[in-house]
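Chemist: For reference, this is entry_2.cif, and it has mmCIF, C-alpha atoms.
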data_query
loop_
_atom_site.label_atom_id
_atom_site.label_comp_id
_atom_site.auth_asym_id
_atom_site.auth_seq_id
_atom_site.Cartn_x
_atom_site.Cartn_y
_atom_site.Cartn_z
CA MET A 1361 16.92 42.93 -136.93
CA THR A 1362 13.52 43.95 -138.33
CA LYS A 1363 10.77 43.97 -135.76
CA GLN A 1364 8.18 41.43 -136.96
CA VAL A 1365 6.63 39.50 -139.82
CA VAL A 1366 3.08 38.18 -140.27
CA LEU A 1367 2.47 34.73 -141.76
CA ILE A 1368 -1.10 34.45 -143.02
CA ASP A 1369 -2.95 31.12 -142.99
CA ALA A 1370 -4.29 31.83 -146.47
CA LYS A 1371 -7.11 29.27 -146.72
CA ASN A 1372 -8.31 30.29 -143.26
CA LEU A 1373 -8.40 33.90 -144.45
CA VAL A 1374 -10.31 32.91 -147.59
CA TYR A 1375 -13.10 31.24 -145.63
CA ALA A 1376 -13.28 34.01 -143.03
CA THR A 1377 -13.45 36.86 -145.55
CA HIS A 1378 -15.96 35.03 -147.73
CA TRP A 1379 -18.29 34.50 -144.78
CA VAL A 1380 -18.14 38.16 -143.76
CA HIS A 1381 -18.51 39.53 -147.32
CA ARG A 1382 -20.41 36.68 -148.97
CA PHE A 1383 -23.05 39.00 -150.43
CA LEU A 1384 -20.54 41.19 -152.27
CA SER A 1385 -20.41 40.92 -156.05
CA SER A 1386 -19.37 42.82 -159.17
CA LYS A 1387 -20.85 42.26 -162.62
CA GLY A 1388 -22.32 38.95 -161.50
CA ARG A 1389 -19.04 37.74 -159.93
CA SER A 1390 -18.57 37.11 -156.22
CA THR A 1391 -15.89 39.40 -154.78
CA SER A 1392 -16.03 38.31 -151.14
CA VAL A 1393 -12.46 36.97 -151.09
CA LEU A 1394 -10.96 39.49 -153.51
CA TYR A 1395 -12.35 42.45 -151.61
CA GLY A 1396 -12.14 40.85 -148.17
CA GLY A 1397 -8.54 39.65 -148.54
CA PHE A 1398 -7.17 43.02 -149.59
CA ASN A 1399 -9.39 44.78 -147.08
CA VAL A 1400 -7.80 42.71 -144.29
CA LEU A 1401 -4.35 43.65 -145.59
CA VAL A 1402 -5.24 47.35 -145.53
CA GLY A 1403 -6.59 47.07 -141.99
CA MET A 1404 -3.50 45.28 -140.70
CA ALA A 1405 -1.18 47.65 -142.55
CA LYS A 1406 -2.75 50.59 -140.73
CA ARG A 1407 -2.34 48.88 -137.35
CA MET A 1408 1.07 47.33 -138.04
CA PRO A 1409 3.01 49.72 -140.29
CA ASP A 1410 6.38 48.62 -141.69
CA THR A 1411 5.40 44.96 -141.18
CA PRO A 1412 5.67 42.51 -144.10
CA PHE A 1413 2.74 40.14 -144.67
CA VAL A 1414 3.13 36.84 -146.52
CA PHE A 1415 0.61 34.17 -147.49
CA VAL A 1416 1.03 30.45 -146.83
CA TRP A 1417 -1.18 28.00 -148.75
CA ASP A 1418 -2.07 24.32 -148.58
CA GLY A 1419 -0.39 22.37 -151.35
CA ASN A 1420 -2.30 20.08 -153.71
CA GLY A 1421 -2.31 16.33 -153.12
CA LYS A 1422 -2.12 13.97 -150.16
CA THR A 1423 0.09 14.71 -147.16
CA TRP A 1424 1.79 12.60 -144.50
CA ARG A 1425 -1.40 12.86 -142.43
CA HIS A 1426 -3.46 11.26 -145.19
CA ARG A 1427 -0.94 8.44 -145.44
CA ILE A 1428 -0.73 7.53 -141.73
CA THR A 1429 -4.55 7.51 -141.49
CA LYS A 1430 -4.89 5.54 -144.75
CA GLY A 1431 -6.92 8.29 -146.33
CA GLU A 1432 -9.26 8.96 -143.41
CA TYR A 1433 -7.75 12.36 -142.58
CA LYS A 1434 -10.19 14.99 -143.92
CA GLY A 1435 -12.00 12.09 -145.57
CA ASN A 1436 -15.34 13.40 -144.33
CA ARG A 1437 -15.15 16.58 -146.36
CA LEU A 1438 -17.84 16.95 -149.00
CA PRO A 1439 -17.56 18.96 -152.22
CA PRO A 1440 -18.10 22.68 -151.52
CA ASN A 1441 -21.78 23.63 -151.28
CA ASP A 1442 -23.34 26.50 -153.20
CA GLU A 1443 -22.55 28.89 -150.34
CA MET A 1444 -18.82 28.13 -150.17
CA LYS A 1445 -18.15 27.35 -153.82
CA PRO A 1446 -17.73 31.06 -154.73
CA ALA A 1447 -14.95 31.38 -152.14
CA LEU A 1448 -12.89 28.58 -153.69
CA GLU A 1449 -13.52 29.89 -157.19
CA GLN A 1450 -11.89 33.21 -156.26
CA ILE A 1451 -8.65 31.68 -154.93
CA PRO A 1452 -6.81 31.50 -158.31
CA GLU A 1453 -7.60 35.14 -159.06
CA PHE A 1454 -6.70 36.21 -155.51
CA ARG A 1455 -3.34 34.44 -155.71
CA LYS A 1456 -2.72 35.89 -159.16
CA GLN A 1457 -3.33 39.44 -157.93
CA LEU A 1458 -1.19 38.93 -154.81
CA ASP A 1459 1.67 37.81 -157.04
CA ARG A 1460 1.02 40.66 -159.46
CA PHE A 1461 1.43 43.17 -156.65
CA GLY A 1462 4.57 41.53 -155.28
CA PHE A 1463 3.25 39.83 -152.14
CA ARG A 1464 5.22 36.72 -151.20
CA GLN A 1465 3.42 33.39 -151.14
CA PHE A 1466 4.66 29.99 -149.93
CA CYS A 1467 3.19 26.67 -151.00
CA VAL A 1468 4.47 23.11 -151.42
CA ASP A 1469 2.37 20.40 -153.05
CA GLY A 1470 1.82 17.41 -150.78
CA PHE A 1471 2.23 19.58 -147.68
CA GLU A 1472 -0.20 21.47 -145.47
CA CYS A 1473 -0.18 25.14 -144.68
CA ASP A 1474 -0.03 24.52 -140.90
CA ASP A 1475 3.19 22.55 -141.21
CA LEU A 1476 4.72 25.00 -143.67
CA ILE A 1477 3.97 27.84 -141.24
CA GLY A 1478 5.58 25.76 -138.48
CA ILE A 1479 8.75 25.28 -140.54
CA LEU A 1480 8.93 28.92 -141.65
CA THR A 1481 8.38 30.15 -138.09
CA ALA A 1482 11.09 27.90 -136.67
CA ALA A 1483 13.56 28.97 -139.38
CA ILE A 1484 12.82 32.68 -138.86
CA ILE A 1485 13.42 32.47 -135.12
CA LYS A 1486 16.47 30.19 -135.41
CA ASN A 1487 18.16 32.51 -137.90
CA ASP A 1488 16.99 35.74 -136.23
CA LEU A 1489 15.44 37.01 -139.47
CA PHE A 1490 12.81 38.87 -137.42
CA SER A 1491 12.42 39.50 -133.71
CA LYS A 1492 8.82 38.28 -133.73
CA VAL A 1493 6.58 36.08 -135.87
CA ILE A 1494 2.82 36.61 -135.86
CA ILE A 1495 0.59 33.89 -137.33
CA LYS A 1496 -2.70 35.25 -138.66
CA SER A 1497 -5.27 32.48 -138.24
CA SER A 1498 -8.36 31.60 -136.22
CA ASP A 1499 -7.03 28.03 -135.86
CA LYS A 1500 -6.16 27.31 -132.21
CA ASP A 1501 -3.78 24.53 -133.26
CA PHE A 1502 -1.18 27.27 -133.72
CA TYR A 1503 -1.24 27.78 -129.93
CA GLN A 1504 1.37 25.01 -129.69
CA LEU A 1505 3.88 27.24 -131.53
CA THR A 1506 3.54 30.31 -129.32
CA THR A 1507 6.46 31.66 -127.29
CA ASP A 1508 7.49 35.14 -126.21
CA ARG A 1509 8.53 35.71 -129.84
CA ILE A 1510 5.80 33.81 -131.67
CA GLY A 1511 2.18 34.96 -131.44
CA VAL A 1512 -1.18 34.07 -132.95
CA MET A 1513 -3.49 36.77 -134.30
CA ARG A 1514 -7.03 35.43 -134.13
CA SER A 1515 -10.49 36.96 -134.46
CA PHE A 1516 -11.27 40.66 -134.67
CA ASP A 1517 -12.30 42.25 -131.35
CA LYS A 1518 -14.94 44.86 -132.17
CA GLU A 1519 -14.74 46.47 -128.72
CA LYS A 1520 -10.96 46.96 -128.91
CA GLY A 1521 -11.01 47.66 -132.64
CA GLU A 1522 -8.19 45.20 -133.27
CA HIS A 1523 -7.41 41.52 -133.71
CA SER A 1524 -6.68 39.51 -130.58
CA LEU A 1525 -2.95 38.75 -130.41
CA LEU A 1526 -1.79 35.96 -128.12
CA PHE A 1527 1.77 35.07 -127.16
CA ALA A 1528 2.70 32.18 -124.86
CA ASN A 1529 1.70 33.91 -121.61
CA ASP A 1530 -1.68 34.85 -123.09
CA VAL A 1531 -2.30 31.28 -124.24
CA MET A 1532 -1.36 29.95 -120.78
CA ALA A 1533 -3.82 32.39 -119.20
CA GLU A 1534 -6.54 31.16 -121.53
CA ILE A 1535 -6.05 27.38 -121.38
CA GLU A 1536 -4.23 27.09 -118.01
CA LEU A 1537 -1.64 24.83 -119.65
CA HIS A 1538 1.67 25.41 -121.36
CA PRO A 1539 1.10 26.16 -125.08
CA THR A 1540 2.90 22.99 -126.13
CA GLU A 1541 0.24 21.03 -124.26
CA TRP A 1542 -2.51 22.18 -126.61
CA VAL A 1543 -1.67 19.07 -128.67
CA LYS A 1544 -2.64 16.96 -125.64
CA VAL A 1545 -6.02 18.69 -125.61
CA ARG A 1546 -6.54 17.99 -129.31
CA ALA A 1547 -5.68 14.33 -128.71
CA LEU A 1548 -8.85 14.06 -126.63
CA THR A 1549 -11.21 16.46 -128.40
CA GLY A 1550 -10.25 15.64 -131.97
CA GLU A 1551 -11.20 17.98 -134.80
CA LYS A 1552 -14.45 17.28 -136.62
CA THR A 1553 -13.61 19.35 -139.71
CA ASP A 1554 -10.45 17.28 -140.28
CA ASN A 1555 -12.15 13.94 -139.47
CA ILE A 1556 -9.96 13.55 -136.36
CA PRO A 1557 -12.35 11.69 -134.02
CA GLN A 1558 -13.56 12.90 -130.66
CA ILE A 1559 -12.60 10.29 -128.05
CA GLN A 1560 -15.77 10.56 -126.01
CA ARG A 1561 -19.06 12.18 -126.87
CA GLY A 1562 -19.35 15.63 -125.32
CA LEU A 1563 -15.65 15.81 -124.47
CA GLY A 1564 -14.67 19.39 -125.31
CA PRO A 1565 -11.58 21.49 -124.60
CA LYS A 1566 -12.63 22.52 -121.06
CA THR A 1567 -13.10 18.91 -119.96
CA ALA A 1568 -9.93 17.81 -121.74
CA ILE A 1569 -7.92 20.50 -119.97
CA LYS A 1570 -9.27 19.35 -116.59
CA MET A 1571 -8.29 15.77 -117.41
CA ILE A 1572 -4.76 16.80 -118.39
CA LYS A 1573 -4.37 18.93 -115.27
CA ALA A 1574 -5.51 15.90 -113.26
CA GLY A 1575 -2.58 13.90 -114.60
CA LEU A 1576 -3.67 12.40 -117.93
CA ASP A 1577 -0.72 12.68 -120.33
CA THR A 1578 -1.75 11.92 -123.91
CA SER A 1579 1.86 12.22 -125.08
CA VAL A 1580 2.64 8.85 -123.43
CA GLU A 1581 2.83 6.05 -125.99
CA ASP A 1582 1.45 3.21 -123.84
CA PHE A 1583 -1.47 3.72 -121.46
CA LYS A 1584 -0.07 1.00 -119.20
CA THR A 1585 2.99 3.14 -118.42
CA LEU A 1586 0.91 5.96 -116.94
CA PRO A 1587 0.97 6.30 -113.12
CA TRP A 1588 -1.28 3.87 -111.27
CA GLN A 1589 -3.69 6.55 -110.00
CA THR A 1590 -4.03 8.05 -113.48
CA ARG A 1591 -4.90 4.62 -114.89
CA GLN A 1592 -7.54 4.22 -112.19
CA ASP A 1593 -9.04 7.65 -112.83
CA PHE A 1594 -9.13 7.33 -116.60
CA GLY A 1595 -9.34 3.57 -117.13
CA LEU A 1596 -12.15 3.94 -119.67
CA LEU A 1597 -9.62 5.40 -122.11
CA ALA A 1598 -7.40 2.32 -122.08
CA THR A 1599 -9.19 0.66 -125.00
CA GLN A 1600 -9.17 3.92 -126.99
CA TRP A 1601 -5.57 4.86 -126.37
CA SER A 1602 -4.54 4.05 -129.96
CA LYS A 1603 -7.06 6.68 -131.15
CA VAL A 1604 -5.79 9.15 -128.57
CA ARG A 1605 -2.24 8.63 -129.79
CA MET A 1606 -3.24 8.96 -133.44
CA ASN A 1607 -5.01 12.24 -132.67
CA TYR A 1608 -1.94 13.44 -130.79
CA ASN A 1609 0.34 12.72 -133.74
CA LEU A 1610 -2.04 14.26 -136.29
CA SER A 1611 -2.36 17.46 -134.26
CA GLN A 1612 1.39 18.10 -133.94
CA ILE A 1613 2.63 20.78 -136.30
CA VAL A 1614 5.86 19.99 -138.13
CA ARG A 1615 8.71 22.43 -137.44
CA SER A 1616 11.62 21.12 -139.50
CA TRP A 1617 12.04 20.04 -143.12
CA ASP A 1618 13.83 16.86 -142.00
CA ASP A 1619 11.04 15.72 -139.65
CA ALA A 1620 10.71 11.93 -139.90
CA ARG A 1621 6.97 12.22 -140.56
CA ILE A 1622 7.62 13.84 -143.94
CA ASP A 1623 7.94 10.65 -145.95
CA ASN A 1624 7.85 12.21 -149.43
CA GLU A 1625 11.41 12.86 -150.63
CA GLU A 1626 10.35 15.46 -153.20
CA VAL A 1627 8.50 17.40 -150.51
CA ARG A 1628 11.52 17.22 -148.18
CA LYS A 1629 13.76 18.44 -151.00
CA GLN A 1630 11.54 21.45 -151.70
CA LEU A 1631 11.21 22.32 -148.02
CA LYS A 1632 14.97 22.11 -147.50
CA LYS A 1633 15.54 24.51 -150.39
CA ILE A 1634 12.97 26.98 -149.06
CA VAL A 1635 14.58 26.98 -145.60
CA ASN A 1636 18.14 27.23 -146.92
CA ASP A 1637 17.24 30.13 -149.21
CA LEU A 1638 15.37 32.17 -146.59
CA THR A 1639 16.54 35.68 -145.85
CA THR A 1640 14.75 38.64 -144.31
CA GLU A 1641 14.10 39.87 -147.86
CA SER A 1642 12.21 36.63 -148.62
CA PHE A 1643 9.22 38.02 -146.72
CA TYR A 1644 9.13 41.47 -148.25
CA ARG A 1645 7.26 42.25 -151.45
CA ASP A 1646 9.11 41.62 -154.68
CA PRO A 1647 10.87 44.93 -155.51
CA LYS A 1648 10.74 44.11 -159.23
CA LYS A 1649 6.97 44.51 -159.14
CA LEU A 1650 6.85 47.70 -157.08
CA ASN A 1651 6.79 50.18 -159.94
CA GLU A 1652 4.37 52.60 -161.58
CA GLU A 1653 3.06 49.88 -163.86
CA GLY A 1654 2.20 47.74 -160.85
CA PHE A 1655 0.44 50.61 -159.09
CA LEU A 1656 -1.67 51.28 -162.18
CA ALA A 1657 -2.50 47.57 -162.32
CA LEU A 1658 -3.71 47.75 -158.70
CA ARG A 1659 -5.88 50.72 -159.63
CA GLU A 1660 -7.34 48.87 -162.61
CA PHE A 1661 -8.01 45.78 -160.50
CA MET A 1662 -9.97 47.76 -157.92
CA LEU A 1663 -11.98 49.54 -160.61
CA GLU A 1664 -12.65 46.29 -162.48
CA TYR A 1665 -14.16 44.71 -159.36
CA GLU A 1666 -15.88 47.92 -158.20
CA MET A 1667 -14.01 48.18 -154.90
CA GLU A 1668 -14.82 51.80 -154.14
CA ASN A 1669 -13.99 51.57 -150.43
CA LEU A 1670 -10.63 49.94 -151.10
CA PHE A 1671 -9.85 52.41 -153.89
CA GLU A 1672 -9.55 55.15 -151.29
CA ASP A 1673 -6.85 53.09 -149.51
CA ARG A 1674 -4.93 52.02 -152.60
CA THR A 1675 -1.88 54.07 -151.57
CA THR A 1676 -1.84 52.47 -148.10
CA LEU A 1677 -1.98 49.03 -149.70
CA TRP A 1678 0.70 49.85 -152.25
CA GLN A 1679 3.10 51.22 -149.64
CA MET A 1680 3.05 47.99 -147.61
CA PRO A 1681 6.59 46.60 -147.33
#
Taking this structure as input, can you express it in the form of structure tokens?

Modeler:
Amino acid sequence: MTKQVVLIDAKNLVYATHWVHRFLSSKGRSTSVLYGGFNVLVGMAKRMPDTPFVFVWDGNGKTWRHRITKGEYKGNRLPPNDEMKPALEQIPEFRKQLDRFGFRQFCVDGFECDDLIGILTAAIIKNDLFSKVIIKSSDKDFYQLTTDRIGVMRSFDKEKGEHSLLFANDVMAEIELHPTEWVKVRALTGEKTDNIPQIQRGLGPKTAIKMIKAGLDTSVEDFKTLPWQTRQDFGLLATQWSKVRMNYNLSQIVRSWDDARIDNEEVRKQLKKIVNDLTTESFYRDPKKLNEEGFLALREFMLEYEMENLFEDRTTLWQMP
């Protein structure tokens, strides 16, 4: 069994690389994502040789989360401002070049990247396609998936010269809860960027963790069924318990194509096919595109966008599995 695979939260990578390289351009075109995305791949390839890297994208259209919140989920998001617009404009070209060079990409319309990563991760582990799965994302919601075989690669640590990589034990050391309980934390803190409401003003992760350790269990459907002492300690939440429960459900990452929350039959059908067709080879670059013509295309791409630094590492990039 091959050692490990990296699943990249693609949109997360797009925003991160754009922010770091937002002043890069070529011939009047922003290249923050184009340069930054491939630069990240080169860096990870040097640190994790013989490891396949695949990209997982959000699909177009509404998801089950939009439907259960009647459109409120992510409903606070405004059109991209002038600073972020260039990042989104580069996505089609970035995806085109990834495909051109044989990198695997997964995407299902009407389904979010987080859930697709959850399903792919569960299928990989269940079928022993790889010994370990590493999720490349700064999103802490992936903490809930971590085990001794599933890790989350987060921000770059300049002192160590590498990305922080957390498996279940590392997550437990950080949050002092079992990784699966991160959803309970999110139920209280919400997530502003997704329009998942904060239950109380000023209630952040540290306070939420203390509340959970003190006995508050946000996975319980009915507040009245909590232990008497817990109800006394946290009685102010009784009237907001429906919001707590909604946050809890929204924050749970789907792990199976037949999850009851996936209420779109076409989406379920596509997810089932993806899972049933998965093999270890599904995560390696397309061998049909790994030829001299493809390598020359990579060279032309880097020259076209004036990526001098990356040009020196073109062989490293091309030799990625």

Chemist: Quick one: distance from CA of Leu1476 in chain A to CA of Asp1442 in chain A in Å, one decimal?

Modeler: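 Straight-line distance from CA of Leu1476 in chain A to CA of Asp1442 in chain A works out to 29.7 Å.
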
Chemist: Taking only C-alpha atoms into account, which of A:Gly1478, A:Ser1386, A:Phe1471, A:Val1365 comes nearest Asp1410 in chain A?

Modeler: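 Of the candidates, the smallest distance to Asp1410 in chain A is held by A:Val1365.
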
Chemist: Quick one: residues within 8 Å of Leu1505 in chain A, only C-alpha atoms, excluding same-chain residues fewer than 6 positions away - as an MDAnalysis selection string?

Modeler: chainID A and resid 1478 1511 1539:1540

Chemist: What is the CA of Lys1496 in chain A-CA of Arg1605 in chain A distance in Å, reported with one decimal?

Modeler: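 Going from CA of Lys1496 in chain A over to CA of Arg1605 in chain A, I get 28.1 Å.
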
Chemist: Quick one: residues within 10 Å of range 1579-1591 of chain A, all atoms listed in the file counted, chain neighbours fewer than 5 positions away excluded, as a list of chain:residue names?

Modeler: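 Near range 1579-1591 of chain A, the qualifying residues are A:Glu1541, A:Val1543, A:Lys1544, A:Ala1547, A:Met1571, A:Ala1574, A:Leu1596, A:Leu1597, A:Ala1598, A:Thr1599, A:Gln1600, A:Trp1601, A:Ser1602, A:Val1604, A:Arg1605, A:Tyr1608, A:Asn1609.
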
Chemist: Using the structure just given, write a file holding N, CA and C atoms for range 1600-1620 of chain A, as an mmCIF file, in the first residue's frame.

Modeler:
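Full text of selection.cif as output:
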data_model
loop_
_atom_site.group_PDB
_atom_site.id
_atom_site.type_symbol
_atom_site.label_atom_id
_atom_site.label_comp_id
_atom_site.auth_asym_id
_atom_site.auth_seq_id
_atom_site.Cartn_x
_atom_site.Cartn_y
_atom_site.Cartn_z
ATOM 1 N N GLN A 1600 -31.872 29.421 22.812
ATOM 2 C CA GLN A 1600 -31.098 29.481 21.566
ATOM 3 C C GLN A 1600 -30.670 28.090 21.094
ATOM 4 N N TRP A 1601 -31.224 27.075 21.735
ATOM 5 C CA TRP A 1601 -30.755 25.725 21.435
ATOM 6 C C TRP A 1601 -31.016 25.319 19.978
ATOM 7 N N SER A 1602 -32.079 25.834 19.383
ATOM 8 C CA SER A 1602 -32.358 25.514 17.976
ATOM 9 C C SER A 1602 -31.239 26.052 17.079
ATOM 10 N N LYS A 1603 -30.687 27.219 17.411
ATOM 11 C CA LYS A 1603 -29.558 27.777 16.658
ATOM 12 C C LYS A 1603 -28.298 26.945 16.878
ATOM 13 N N VAL A 1604 -28.106 26.530 18.128
ATOM 14 C CA VAL A 1604 -26.949 25.684 18.457
ATOM 15 C C VAL A 1604 -26.989 24.403 17.626
ATOM 16 N N ARG A 1605 -28.176 23.796 17.579
ATOM 17 C CA ARG A 1605 -28.327 22.540 16.849
ATOM 18 C C ARG A 1605 -28.163 22.732 15.344
ATOM 19 N N MET A 1606 -28.653 23.856 14.824
ATOM 20 C CA MET A 1606 -28.469 24.139 13.405
ATOM 21 C C MET A 1606 -26.984 24.303 13.084
ATOM 22 N N ASN A 1607 -26.271 25.044 13.923
ATOM 23 C CA ASN A 1607 -24.833 25.211 13.742
ATOM 24 C C ASN A 1607 -24.108 23.871 13.780
ATOM 25 N N TYR A 1608 -24.527 23.025 14.706
ATOM 26 C CA TYR A 1608 -23.914 21.696 14.850
ATOM 27 C C TYR A 1608 -24.078 20.892 13.564
ATOM 28 N N ASN A 1609 -25.283 20.901 13.020
ATOM 29 C CA ASN A 1609 -25.553 20.137 11.801
ATOM 30 C C ASN A 1609 -24.812 20.714 10.590
ATOM 31 N N LEU A 1610 -24.758 22.040 10.502
ATOM 32 C CA LEU A 1610 -24.077 22.680 9.379
ATOM 33 C C LEU A 1610 -22.573 22.422 9.394
ATOM 34 N N SER A 1611 -22.011 22.272 10.592
ATOM 35 C CA SER A 1611 -20.561 22.126 10.728
ATOM 36 C C SER A 1611 -20.073 20.693 10.548
ATOM 37 N N GLN A 1612 -20.981 19.730 10.520
ATOM 38 C CA GLN A 1612 -20.584 18.336 10.342
ATOM 39 C C GLN A 1612 -20.228 18.059 8.885
ATOM 40 N N ILE A 1613 -19.075 17.502 8.669
ATOM 41 C CA ILE A 1613 -18.638 17.154 7.322
ATOM 42 C C ILE A 1613 -19.204 15.793 6.930
ATOM 43 N N VAL A 1614 -19.768 15.729 5.749
ATOM 44 C CA VAL A 1614 -20.325 14.477 5.225
ATOM 45 C C VAL A 1614 -19.187 13.503 4.924
ATOM 46 N N ARG A 1615 -19.437 12.206 5.177
ATOM 47 C CA ARG A 1615 -18.375 11.204 4.961
ATOM 48 C C ARG A 1615 -18.809 10.043 4.077
ATOM 49 N N SER A 1616 -20.061 10.056 3.638
ATOM 50 C CA SER A 1616 -20.547 8.953 2.804
ATOM 51 C C SER A 1616 -21.505 9.491 1.746
ATOM 52 N N TRP A 1617 -21.457 8.910 0.557
ATOM 53 C CA TRP A 1617 -22.310 9.381 -0.537
ATOM 54 C C TRP A 1617 -23.791 9.157 -0.247
ATOM 55 N N ASP A 1618 -24.110 8.202 0.641
ATOM 56 C CA ASP A 1618 -25.515 7.925 0.930
ATOM 57 C C ASP A 1618 -25.998 8.589 2.217
ATOM 58 N N ASP A 1619 -25.273 9.609 2.681
ATOM 59 C CA ASP A 1619 -25.691 10.376 3.858
ATOM 60 C C ASP A 1619 -27.079 10.971 3.607
ATOM 61 N N ALA A 1620 -27.948 10.871 4.595
ATOM 62 C CA ALA A 1620 -29.335 11.322 4.447
ATOM 63 C C ALA A 1620 -29.438 12.818 4.162
#
